[in-house]
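J.: Would you mind keeping the following structure in view while I ask a few things?
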Amino acid sequence: MLEIEKINVSYGDLQILWDISFNVEEKEIVGLIGPNGAGKTTTLRTITGLLRPFAGRIQFEGVPMEKVPIHKRVELGISLIPEGRGLFPGMSTLENLELGAFTSKGRTCKDKTLEQVYELFPILKNRKKQSAGTMSGGEQQMLAIGRGLMSKPKLLLFDEPSWGLSPLLSKLIYEVIGQINHSGVTILLIEQNVRIALELANRAYVVENGRIVKQGDCRNMFDDQHIREAYLGTQSA
Amino acid sequence: MNLQVWAQSFIFGIFVGGLYGLAAVGLSLVFGVMKMLNVAHGELLMLGGYATFCFFSFYHIDPFLSLLPSAFILFLIGMGLYKGLFSPLAKLHEEVKIKNSLLIGFGLSLIFHNLAIQLWTADEKSVSVLYSGWGFSLFGLRFPFIRFAGLLLATIVIFALHQFLTKTYFGKAIRATTENWESASLMGINIEKTSMVSFGLGAALAAMAGTIVSVGYAIYPAMGLGWTLKALIVVVLAGLGNIGGAFVAGVLLGAVESVSTLVVGPYMQVVGLMIFLLVLELRPQGLFGKSMG
C-alpha cells in the first residue's frame, strides 16, 4: 500500500534521513521505533508531504507522491495525527471534527463518520461546543484521533499517540487504535513506549540516526538482544 | 464647554470608529492567515475610495450601490497581489516572512500612492451625493445621515464576515489556517488558495471602508499610511484575529480620539498611539484577546 524507497530528507544543510526504505501493506499495523531525534517524526511528515525528500521515492497505492501536494494526499487517503495533536485550540470540538472532513470524500459522509467517531469516543459528543484548547490531554488526543478519522483515511499515521497520557489512558487509546485497524484502516505508528507498540503492531522498523537498523515481526523483536537492552530495559535471558 | 459638545464629539467618534474597525478586520484577517503584515492596507482602502469616486463621477452610480463592485475589484486586485508578490514568501521562516512582507508592503504603498497622484492628482476628493446634508437631531445632537449609514454598513459587513467565518466550511478553513496552518493542510485544506482568498477578502474589506470614507469624509493619495496605522492600533487593541473585538476596539479608539480632541486639540493622534503603547506594555494579548499560554 505504502512503499518508501531510499528517501533522503534534510532540514537546510542538516540531513535527517538517510536512504530510508520500508513498506506498509494493507490492513497492517506497522511501528516505527527508535530514540528521540532518530528521524521518526521526519519520516511521517515526509509521507504527508509537509517535508519533501531530496532523493528517493514514495508510492501510495501505486501512485508516485512526488508531485502530489499535502492537501491532495489527504484526499487520496493519508491522514496524520500529529505529534502534540495539532488541534485548533480556539475552535470547538465539533468544528475540529468538521474540519477533519474538509475533503470532498470526507464531506459526503460527514454525518455518518461523525456518529462512528462519537461511538468510539462518547465524551466528544458531550463536549461538542467546548473549545479544544480547554480540554484535558486525554480528551484532546481522542479529538485528534476522531478528527483524523473524519477524512475517511485508508492509511492512518500516528505520531506518539500516548504522548503525555497516563498509562490507563494510553491503554484505552491503544485499544481504539486496534479497533480502527479492525475496521479496515491501515496503521503506521511511532511510539516511544516500545513495549506497547510492539504488542499492538504486526511488524516494526527500528530507526536510529536517520537509518533503518532493524526490521521484522514484532514477536521476534521481543527476543532481540539489542531491542531488549536499548528499548525494553530488560537483560536478555 | 457644555455636555452637548462632549456628547456630539463622542457620537462623531463612534461614526469614524466603525470605519477604523472595518479597516482593521481586513488587516487582522490577512495577518492571521498568512502571518504577514500588509502595510499597504491603507492604500487598498484608498483605492477602494477612488473606485467609488470613479463609479460616481463617470457613471453616476450611488456610492452605497457601488460598494459591492468596488469591493469586488479590490478583491481581484488583492488576490493578484498575493499571487504575484506575497505568495513566494509563504514558505519562509516566520520572522524572515514578516520582514519581507513589510518591505513588499512599503514598496506597494509607495507605488499606489504615486499612481493615485498620477491618476487623480493630489487634491482631496469627496463623493458628494444629493443626500449629503440630510440628517436628524436627537436630544439636540446631530446625526448626519451618511455617517449614520456608514456606521450601519460597517456593522453589517462585519456581522456578515463573522457569519462567513463561523458558519461556512471555507470560513472555518480560514480560521483553522489562522490557528495552525500545518494542521489545516493535514485536513486537506489548500493553504495557498485559502491565503489568496483571504488576502482578496482583506482588500475587499479595505475597499468597503474606503467607499464609506469617500462619502462621509475625503479621499486623497496620501491617506493610506494614516489608515494603516489606525488599523494597526485597533488590531493590537483588540488582540490578533479577533474580528468582533476589532470592531469594538475601533469604535472605542474613534470615540477616545474624538473626545480627546476637545482637550488636547491637534494632538489627538498621539492619544491613539499612547493607548497603543500602553496596551502593548500592559496587555500584549489585546483587550479582548486570550492570553497566549
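For the C-alpha cells, the naming scheme is as follows: chains receive sequential letters (A, B, ...) according to their order of presentation, residues are indexed from 1 within each chain, and ligands are indexed from 1 in presentation order.
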As an MDAnalysis selection string, please: every residue in region 42-222 of chain A that a backbone DSSP assignment puts in alpha helix (DSSP H).
T.: chainID A and resid 42:48 70:76 93:100 104:108 110:120 122:126 137:149 167:182 194:200 218:221
J.: Kindly provide, as a PDB file with C-alpha atoms, in the first residue's frame, the residues of chain B having any atom no farther than 12 Å from an atom of chain A, counting only C-alpha atoms.
T.:
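iface_24.pdb written:
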ATOM      1  CA  LYS B  91       7.268  29.167   2.653  1.00  0.00           C
ATOM      2  CA  HIS B  93      10.533  31.115   8.198  1.00  0.00           C
ATOM      3  CA  LEU B 165     -16.061  32.728   9.228  1.00  0.00           C
ATOM      4  CA  THR B 166     -18.134  30.759  11.716  1.00  0.00           C
ATOM      5  CA  LYS B 167     -20.859  29.186   9.592  1.00  0.00           C
ATOM      6  CA  THR B 168     -19.329  28.213   6.240  1.00  0.00           C
ATOM      7  CA  TYR B 169     -16.813  25.478   5.543  1.00  0.00           C
ATOM      8  CA  PHE B 170     -14.472  27.851   3.778  1.00  0.00           C
ATOM      9  CA  GLY B 171     -14.690  30.350   6.625  1.00  0.00           C
ATOM     10  CA  LYS B 172     -13.821  27.615   9.104  1.00  0.00           C
ATOM     11  CA  ALA B 173     -10.887  26.659   6.900  1.00  0.00           C
ATOM     12  CA  ILE B 174      -9.660  30.259   7.126  1.00  0.00           C
ATOM     13  CA  ARG B 175      -9.887  30.176  10.924  1.00  0.00           C
ATOM     14  CA  ALA B 176      -8.191  26.792  11.080  1.00  0.00           C
ATOM     15  CA  THR B 177      -5.340  28.091   8.921  1.00  0.00           C
ATOM     16  CA  THR B 178      -5.020  31.058  11.278  1.00  0.00           C
ATOM     17  CA  GLU B 179      -4.731  28.781  14.296  1.00  0.00           C
ATOM     18  CA  ASN B 180      -2.382  26.164  12.863  1.00  0.00           C
ATOM     19  CA  TRP B 181      -1.607  26.130   9.156  1.00  0.00           C
ATOM     20  CA  GLU B 182       0.234  22.821   9.315  1.00  0.00           C
ATOM     21  CA  SER B 183      -2.717  21.009  10.849  1.00  0.00           C
ATOM     22  CA  ALA B 184      -5.011  22.796   8.427  1.00  0.00           C
ATOM     23  CA  SER B 185      -3.064  21.437   5.479  1.00  0.00           C
ATOM     24  CA  LEU B 186      -3.244  17.978   7.050  1.00  0.00           C
ATOM     25  CA  MET B 187      -7.049  18.314   6.967  1.00  0.00           C
ATOM     26  CA  GLY B 188      -6.848  18.676   3.197  1.00  0.00           C
ATOM     27  CA  ILE B 189      -7.158  22.454   3.187  1.00  0.00           C
ATOM     28  CA  ASN B 190      -5.322  24.100   0.301  1.00  0.00           C
ATOM     29  CA  ILE B 191      -3.298  26.719   2.178  1.00  0.00           C
ATOM     30  CA  GLU B 192      -2.246  28.590  -0.949  1.00  0.00           C
ATOM     31  CA  LYS B 193      -5.832  29.015  -2.106  1.00  0.00           C
ATOM     32  CA  THR B 194      -7.063  29.923   1.380  1.00  0.00           C
ATOM     33  CA  GLY B 241      -7.511  37.596  14.835  1.00  0.00           C
ATOM     34  CA  ASN B 242     -10.378  38.815  16.969  1.00  0.00           C
ATOM     35  CA  GLY B 289      -7.536  38.554  23.250  1.00  0.00           C
ATOM     36  CA  LYS B 290      -6.943  35.392  25.175  1.00  0.00           C
ATOM     37  CA  SER B 291      -3.614  35.258  26.907  1.00  0.00           C
ATOM     38  CA  MET B 292      -1.115  33.239  24.940  1.00  0.00           C
ATOM     39  CA  GLY B 293      -0.197  30.480  27.352  1.00  0.00           C
TER      40      GLY B 293
END
J.: Near Leu273 (chain B), within 12 Å and counting only C-alpha atoms, which residues show up once chain neighbours fewer than 2 positions away are dropped, as a list in words?
T.: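 My list of contacting residues is Gly226, Leu229, Lys230, Ala231, Leu232, Ile233, Val234, Val236, Leu237, Leu253, Val256, Glu257, Tyr267, Met268, Gln269, Val270, Val271, Ile275, Phe276, Leu277, Leu278, Val279 and Leu280 of chain B.
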J.: May I have the residues from that selection written out with C-alpha atoms, as a PDB file, in the first residue's frame?
T.:
ATOM      1  CA  GLY B 226      -2.708  57.045   8.313  1.00  0.00           C
ATOM      2  CA  LEU B 229      -1.645  52.986  11.370  1.00  0.00           C
ATOM      3  CA  LYS B 230      -5.183  53.267  12.690  1.00  0.00           C
ATOM      4  CA  ALA B 231      -5.921  49.705  11.620  1.00  0.00           C
ATOM      5  CA  LEU B 232      -2.729  48.515  13.265  1.00  0.00           C
ATOM      6  CA  ILE B 233      -3.579  50.247  16.545  1.00  0.00           C
ATOM      7  CA  VAL B 234      -7.033  48.691  16.502  1.00  0.00           C
ATOM      8  CA  VAL B 236      -3.273  45.461  18.674  1.00  0.00           C
ATOM      9  CA  LEU B 237      -6.024  46.824  20.918  1.00  0.00           C
ATOM     10  CA  LEU B 253     -10.463  54.311  19.535  1.00  0.00           C
ATOM     11  CA  VAL B 256     -11.494  58.339  22.575  1.00  0.00           C
ATOM     12  CA  GLU B 257      -9.703  60.232  19.810  1.00  0.00           C
ATOM     13  CA  TYR B 267      -2.530  66.107  19.389  1.00  0.00           C
ATOM     14  CA  MET B 268      -5.406  63.647  19.368  1.00  0.00           C
ATOM     15  CA  GLN B 269      -3.406  61.356  17.061  1.00  0.00           C
ATOM     16  CA  VAL B 270      -0.937  60.936  19.891  1.00  0.00           C
ATOM     17  CA  VAL B 271      -3.675  59.709  22.195  1.00  0.00           C
ATOM     18  CA  ILE B 275      -3.133  53.743  24.102  1.00  0.00           C
ATOM     19  CA  PHE B 276      -1.338  51.504  21.610  1.00  0.00           C
ATOM     20  CA  LEU B 277       1.862  51.586  23.681  1.00  0.00           C
ATOM     21  CA  LEU B 278       0.019  51.105  26.961  1.00  0.00           C
ATOM     22  CA  VAL B 279      -1.815  48.058  25.679  1.00  0.00           C
ATOM     23  CA  LEU B 280       1.393  46.579  24.292  1.00  0.00           C
TER      24      LEU B 280
END
J.: Pick from A:Leu32, A:Ser21, A:Glu139, A:Ile58: nearest to Thr46 (chain A), with only C-alpha atoms counted?
T.: A:Ile58
J.: Under the rule that only C-alpha atoms are counted, which of A:Ile47, A:Cys218, A:Leu124, A:Ala201 is the nearest residue to Gly178 (chain A)?
T.: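 Answer, going by the shortest atom-to-atom distance: A:Ala201.
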J.: Would you compute the distance between CA of Asp217 (chain A) and CA of Glu160 (chain A)? Give it in Å to one decimal.
T.: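 These two atoms are separated by 20.2 Å.
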J.: Hey, can you check how far CA of Leu200 (chain A) sits from CA of Asn181 (chain A)?
T.: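 Between CA of Leu200 (chain A) and CA of Asn181 (chain A) the gap works out to 10.3 Å.
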J.: Can you pull out the residues contacting Gln59 (chain A)? Cut-off 10 Å, using only C-alpha atoms, and skip same-chain residues under 4 positions away; I want them as a list in words.
T.: Met1, Leu2, Glu3, Ile4, Glu5, Asn23, Ile47, Val63, Pro64, Met65 and Glu66 of chain A
J.: Using only C-alpha atoms, which protein or nucleic acid residues come within 9 Å of Leu102 (chain B)? Drop anything in the same chain fewer than 4 positions from it, and give the result as a ChimeraX atom specification.
T.: /B:36-40,97-98,106-107
J.: Put those residues in a file: C-alpha atoms, as a short mmCIF file (atom, residue, chain, number, x, y, z; two decimals), in the first residue's frame.
T.:
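Writing the result to again_1.cif gives the following:
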data_model
loop_
_atom_site.label_atom_id
_atom_site.label_comp_id
_atom_site.auth_asym_id
_atom_site.auth_seq_id
_atom_site.Cartn_x
_atom_site.Cartn_y
_atom_site.Cartn_z
CA MET B 36 2.30 38.70 7.08
CA LEU B 37 1.72 42.35 7.80
CA ASN B 38 0.36 44.18 4.78
CA VAL B 39 1.37 47.79 5.41
CA ALA B 40 -0.20 48.74 2.06
CA LYS B 97 8.49 36.19 6.25
CA ILE B 98 7.14 39.13 8.23
CA PHE B 106 6.08 49.60 1.90
CA GLY B 107 7.04 49.30 -1.77
#
J.: Residues at most 8 Å from Ser195 (chain B), counting only C-alpha atoms, excluding those fewer than 6 positions away in the same chain, as a CSV table (one decimal) with N, CA and C atoms, in the first residue's frame?
T.:
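This is the output file result_17.csv:
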chain,number,residue,atom,x,y,z
B,30,VAL,N,-5.8,39.1,7.2
B,30,VAL,CA,-4.6,38.8,6.4
B,30,VAL,C,-3.4,38.4,7.3
B,33,VAL,N,-4.1,34.7,8.9
B,33,VAL,CA,-3.9,33.5,8.0
B,33,VAL,C,-2.5,33.4,7.5
B,34,MET,N,-1.9,34.5,7.1
B,34,MET,CA,-0.6,34.4,6.5
B,34,MET,C,0.6,34.7,7.4
B,82,TYR,N,-1.4,39.0,-4.0
B,82,TYR,CA,-1.0,37.8,-3.2
B,82,TYR,C,-0.2,36.9,-4.1
B,174,ILE,N,-10.5,29.1,6.9
B,174,ILE,CA,-9.7,30.3,7.1
B,174,ILE,C,-9.3,30.4,8.6
J.: Contacts of Ser92 (chain A) at 6 Å or less, counting only C-alpha atoms, minus same-chain residues fewer than 2 places along, as a CSV table (one decimal) with N, CA and C atoms, in the first residue's frame?
T.:
chain,number,residue,atom,x,y,z
A,94,LEU,N,-16.6,20.2,17.9
A,94,LEU,CA,-17.4,19.9,16.6
A,94,LEU,C,-16.7,20.5,15.4
A,95,GLU,N,-16.3,21.8,15.6
A,95,GLU,CA,-15.6,22.4,14.4
A,95,GLU,C,-14.3,21.7,14.0
A,129,LYS,N,-19.5,21.7,22.1
A,129,LYS,CA,-19.3,23.1,22.0
A,129,LYS,C,-18.1,23.6,22.7
A,130,GLN,N,-17.4,22.8,23.4
A,130,GLN,CA,-16.2,23.2,24.2
A,130,GLN,C,-15.1,23.5,23.2
A,131,SER,N,-14.3,24.5,23.5
A,131,SER,CA,-13.2,24.8,22.6
A,131,SER,C,-12.1,23.8,23.0
A,132,ALA,N,-11.4,23.3,21.9
A,132,ALA,CA,-10.5,22.2,22.0
A,132,ALA,C,-9.4,22.4,23.0
J.: CA of Ala204 (chain A) and CA of Asp13 (chain A) are how many Å apart?
T.: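 Between CA of Ala204 (chain A) and CA of Asp13 (chain A) the gap is 29.2 Å.
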J.: With only C-alpha atoms as the atoms that count, which of B:Gly254, B:Gly245, B:Pro144, B:Pro63 lies nearest to Gly286 (chain B)?
T.: B:Gly245
J.: With only C-alpha atoms as the atoms that count, which of A:Leu51, A:Leu143, A:Leu149, A:Val30 lies nearest to Leu17 (chain A)?
T.: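 Checking each of A:Leu51, A:Leu143, A:Leu149, A:Val30 against Leu17 (chain A), counting only C-alpha atoms, the winner is A:Leu51.
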J.: Would you return as a PyMOL selection string the members of region 131-251 of chain B that DSSP assigns to strand (DSSP E) on this structure's backbone?
T.: chain B and resi 135-138+141-144
J.: Where does region 157-208 of chain B meet region 45-52 of chain B within 7 Å, residue by residue, with the nearest atom pair and distance in Å to one decimal for each, counting only C-alpha atoms, listed by chain and rising number, as a Markdown table?
T.:
| residue | atom | partner | partner_atom | distance |
| --- | --- | --- | --- | --- |
| B:Ala206 | CA | B:Leu45 | CA | 4.4 |
| B:Ala207 | CA | B:Gly48 | CA | 3.8 |
| B:Met208 | CA | B:Gly48 | CA | 6.6 |
J.: Could you save the residues just selected, with N, CA and C atoms, as a PDB file, in the first residue's frame?
T.:
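File written: result_26.pdb
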ATOM      1  N   ALA B 206     -11.058  46.460   2.999  1.00  0.00           N
ATOM      2  CA  ALA B 206     -10.437  47.788   2.947  1.00  0.00           C
ATOM      3  C   ALA B 206     -11.205  48.669   1.962  1.00  0.00           C
ATOM      4  N   ALA B 207     -11.580  48.088   0.814  1.00  0.00           N
ATOM      5  CA  ALA B 207     -12.292  48.861  -0.205  1.00  0.00           C
ATOM      6  C   ALA B 207     -13.633  49.358   0.320  1.00  0.00           C
ATOM      7  N   MET B 208     -14.324  48.512   1.080  1.00  0.00           N
ATOM      8  CA  MET B 208     -15.626  48.924   1.614  1.00  0.00           C
ATOM      9  C   MET B 208     -15.447  50.073   2.602  1.00  0.00           C
TER      10      MET B 208
END
J.: Counting only C-alpha atoms, which of B:Gly42, B:Gly140, B:Gly202, B:Gly150 gets nearest to Phe72 (chain B)?
T.: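 Distance minimum relative to Phe72 (chain B) lands on B:Gly202.
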